[in-house]
Amino acid sequence: MTRERTFRLPDLAEQGALALRRQVNDLFELLELSSAWQGMRPEEIAQSVIDLLVSQLRLDVALLRIQGLEGELEQRFPLDLDREALLAASRGTSPDSPAAFELSRPNPLGRTAVRVVEVPPLGEPGMVIVGSWRENFPTPHERHLLRAIANQVALAVQSSREAFAQRRLAEERGRLERMNSALSKLHAVSDGLSRTHTCLQVAEVILSQGLAAMGAHAGSMYLVDETGTELCLVKAVGYPETLLRNYLRIPMDSPLPIAEAFRQRRGVFSAWGDGSSLTEEHGPPRPPPNTDVFASVPLVIGDRCLGGMGFNFPAARRFAEDERAFILAISQQAAQACDRARLLEAERHARLMAEARQQRADLLSEASALFACSLDLGETFSRVAHLLVPRFADWIVLQVTERTASGGDETRTVVVHRDPAKVESARELGLSLLSSTRNEQRTCVTNNSVIAPVMARGRTLGAIVVGSEAVGRYDTESLELVAELGLRAGVALDNVRLYQEAREADRRKDEFLAMLGHELRNPLSPMVTALHLMRMKEGGDFDRERTIIGRQVEHLIRLVDDLLDVSRITRGKIQLKRGRVDLLTVLAKAVEMASPLLEQRAHHLVLPATGEPLFVDGDPARLAQVLANLLNNAAKYTDPGGRIVVTAAAEGEQAVFRVRDNGAGIAPEMLPRVFDMFVQEDRSIDRSQGGLGLGLAIVRSLVELHGGTVLVHSEGLGRGSEFVVRLPLAAPDVSACDAIWSGSPEMSARGEDHAVRLLVVDDNRDAAELLTELLEAKGYVMRVAHDGPAGLEAARAFRPHLALLDVGLPVMDGYELASRLRQEPPLGDIKLVAITGYGQDSDRRRAHAAGFDVHLVKPIDPGQLLHVIRELLGESGERGRVATQSSP
């Protein structure tokens, strides 16, 4: 039987009124909640909705999901809710058609079965899922309330998202404006830094434009010193001077923030909002008392830290990230500018150093050129001193010790000052410095001068002092320059000494060679005359002996001539008598000169066929000597009966002579040296015929004097050799009749003029007697004297037409005798011939000055002598010219 329940009308009315009031209260609370949601974030709104639903509707589960452009927003109750199971259970439900859902654990009333519904919000994709154990859930009022809440929360979330998007947009706009402002300020600072060239200029830009850009009112910049142990102040602004004096240098291990920033290579930012102040012990130099905020940043470039910067700000603040980034960007710009400034300074310093080194090198080069251009050291040292003053010094004192001609030492002092009135004071100062450092023998620098020894080969020859009126002008490189200058001065002084010694040795050598030639020629002259007389006399059984003696005498004459030729060549005394010469004619003369040796060794000589002449501009006698030496060389080093081939031809603009033999040949290692003096290769025991090793040296020197070249080729020992002489051909437009050499004049033995009187004065009795006998045989009237006074008396009594005077006479030499004879009025027309063993140019000039007409060198060829006598006695011209004659 169903129990019926009876409701009274008043009770129903009261229940309806209560329900209505609750609905109205819920709506008002929902409206108030919407206003409370203003300014809340979407996730805060979602959490508020969940709390409202759970508390107002006594829910067991609640899930809020709203999709948006920023992503999905989700809140749930309880937190351990199995959302996937709830979503699966609520799929397809609505407030009018709930579905069952099992809780994972019972609710406070012990129930596990709940009714769940899904309420979609309007305007936003998403869902609101709620559930309760109540059997009447959701009531009509709850359904309306759920729909209203879903719509309100969707609108609130959308509004919150739009508000926050606008706020973020405003913040981003503000951030971009601040960034643009910071970039503009940073660009202005960078532009200012781009025009800096020194670290001080960098500091000035940072502490003027940079402080304003950061909003700081005081700042400082420090750079690490050369030792890397301290930070040195470059510039600071905004701090008291008395305070800065305590922070000019900051130790690297200091607790100050700027040192900490340098050590850690990161920014150190600090702000005090509690009223604490920045003290000298715990911060960089303290700005005015109301400042309690600072920032210290390092100057980092690559892996190096150059220093640091500190900034102070006028009020307490917290540095935002963009502010820190801006300050660090300023420091990075400053670091790059400092590094560039250091590089520019290093480059400028290196350029200045390079220019200074180049100037010093040029100075040394010019000084070396001066040292090398003259042997007059007094003048050279004076010019070098004027070169240094004023380019390198204000004054200079140079003191050296020279070797005098007598063998002693003489001290020479050169003093130069840019102000001539201060020369003596510079002398006193320089000599005083030299006196104080005389025993040190090393370079040293004083306050304003440099002292260096003048040395050569380990010996101190003097000293040099350079000074300046400016203190500190000279450094180690200046010291090196003066030391090098002292060494070069020493080398120049030593070279002068060596030159003087070499010149003295050369003079003694020349005197020795002249004496040797004289002493060798004195015995040769009578031997040649005796041989000539032996040939003139009829009969006799000594033809073979005379031939041998004649051959050996000629060989000895060639040795003496070669020795004297080398002496002339080494001293540059050879003078060529050039003319247009046919080399084929020269070859004929050379063959004549070499024929004795060629005939002796029975060689087969092949000469070039007669053809067109080969004209060159040269000295015929010297060219004949060249070719004769080459023929003699081939004859000596070719076995008897050998073959020697001579060719001559024009090749281009050169006349080429080749002398080829099938003799002993030349070893490869000897080929580069065959033209050196005194060089001979051992060949056999007959090397005794090889002479002194001077013939080829004379050949090369004479050929080069003619502008030609001489070369030698040989395939080795036993395979012969070939000498090639190349000489420039003469110009084709020269007349063929110009200076064609036709050989020496033919010797005449005629003596028609028996009335001619000749005087012979010679202390060598053998030579005088044989020469007298020879000339008497030619029909001349002869007188003989053996010293100068006797010769003078004989000339006064005999009145000769011509006198043959030996130069090296006892008591009165031949030069004095000639002068005395010229002073005798009755002998004014006498012809004088000098006969001597001295054949140098100085001897010929002296003979000319003494009054000789002809200068003949012993041994004298009889034919040449007769020719000279005929020429002198057959001419009536003046005696002023001395003919130069040479023995063959």
# chains A, B, ... in the order shown; residues from 1 in each chain; ligands from 1
$ select_by_dssp --residues "range 586-640 of chain A" --states "strand (DSSP E)" --output "JSON, numbers by chain"
{"A": [604, 605, 606, 615, 616, 617, 618]}
$ residues_around --residues "Glu345 in chain A" --least-positions-apart "4" --cutoff "12 Å" --atoms "only C-alpha atoms" --output "ChimeraX atom specification"
/A:196-200,337-341,349-353
$ residues_around --residues "range 201-208 of chain A" --least-positions-apart "2" --cutoff "8 Å" --atoms "only C-alpha atoms" --output "PyMOL selection string"
chain A and resi 189+192-193+196-199+210-212+218-221+234-237+330+334+337-338
$ atom_distance --atom1 "CA of Arg65 in chain A" --atom2 "CA of Pro121 in chain A"
9.8 Å
$ closest_atom_pairs --of "range 141-210 of chain A" --to "range 48-56 of chain A" --cutoff "10 Å" --atoms "only C-alpha atoms" --output "JSON lines"
{"residue": "A:Glu142", "atom": "CA", "partner": "A:Gln56", "partner_atom": "CA", "distance": 9.7}
{"residue": "A:Leu145", "atom": "CA", "partner": "A:Leu53", "partner_atom": "CA", "distance": 9.6}
{"residue": "A:Leu146", "atom": "CA", "partner": "A:Leu53", "partner_atom": "CA", "distance": 8.3}
{"residue": "A:Ile149", "atom": "CA", "partner": "A:Val49", "partner_atom": "CA", "distance": 7.8}
{"residue": "A:Ala150", "atom": "CA", "partner": "A:Val49", "partner_atom": "CA", "distance": 8.8}
{"residue": "A:Gln152", "atom": "CA", "partner": "A:Val49", "partner_atom": "CA", "distance": 9.5}
{"residue": "A:Val153", "atom": "CA", "partner": "A:Val49", "partner_atom": "CA", "distance": 7.1}
$ write_last_selection --atoms "C-alpha atoms" --output "PDB file, in the first residue's frame"
ATOM      1  CA  GLU A 142      21.219  23.574 -11.129  1.00  0.00           C
ATOM      2  CA  LEU A 145      22.960  27.631 -12.999  1.00  0.00           C
ATOM      3  CA  LEU A 146      25.482  25.311 -14.728  1.00  0.00           C
ATOM      4  CA  ILE A 149      28.285  29.534 -15.005  1.00  0.00           C
ATOM      5  CA  ALA A 150      29.713  27.843 -18.151  1.00  0.00           C
ATOM      6  CA  GLN A 152      30.162  33.316 -17.632  1.00  0.00           C
ATOM      7  CA  VAL A 153      33.418  31.499 -17.195  1.00  0.00           C
TER       8      VAL A 153
END
$ closest_residue --among "A:Glu501, A:Glu776, A:Glu704, A:Asp843" --to "Leu758 in chain A" --atoms "only C-alpha atoms"
A:Glu776
$ select_by_dssp --residues "range 434-503 of chain A" --states "alpha helix (DSSP H)" --output "JSON, numbers by chain"
{"A": [434, 435, 436, 476, 477, 478, 479, 480, 481, 482, 483, 484, 485, 486, 487, 488, 489, 490, 491, 492, 493, 494, 495, 496, 497, 498, 499, 500, 501, 502, 503]}
$ residues_around --residues "Ala385 in chain A" --least-positions-apart "5" --cutoff "10 Å" --atoms "only C-alpha atoms" --output "list in words"
Ala367, Glu379, Thr380, Pro390, Phe392, Ala393, Trp395, Ile396, Val397, Leu398, Val414, Val415, Val416, His417, Ile464 and Val466 of chain A
$ closest_residue --among "A:Ala588, A:Leu223, A:Leu244, A:Val384" --to "Gly307 in chain A" --atoms "only C-alpha atoms"
A:Leu223
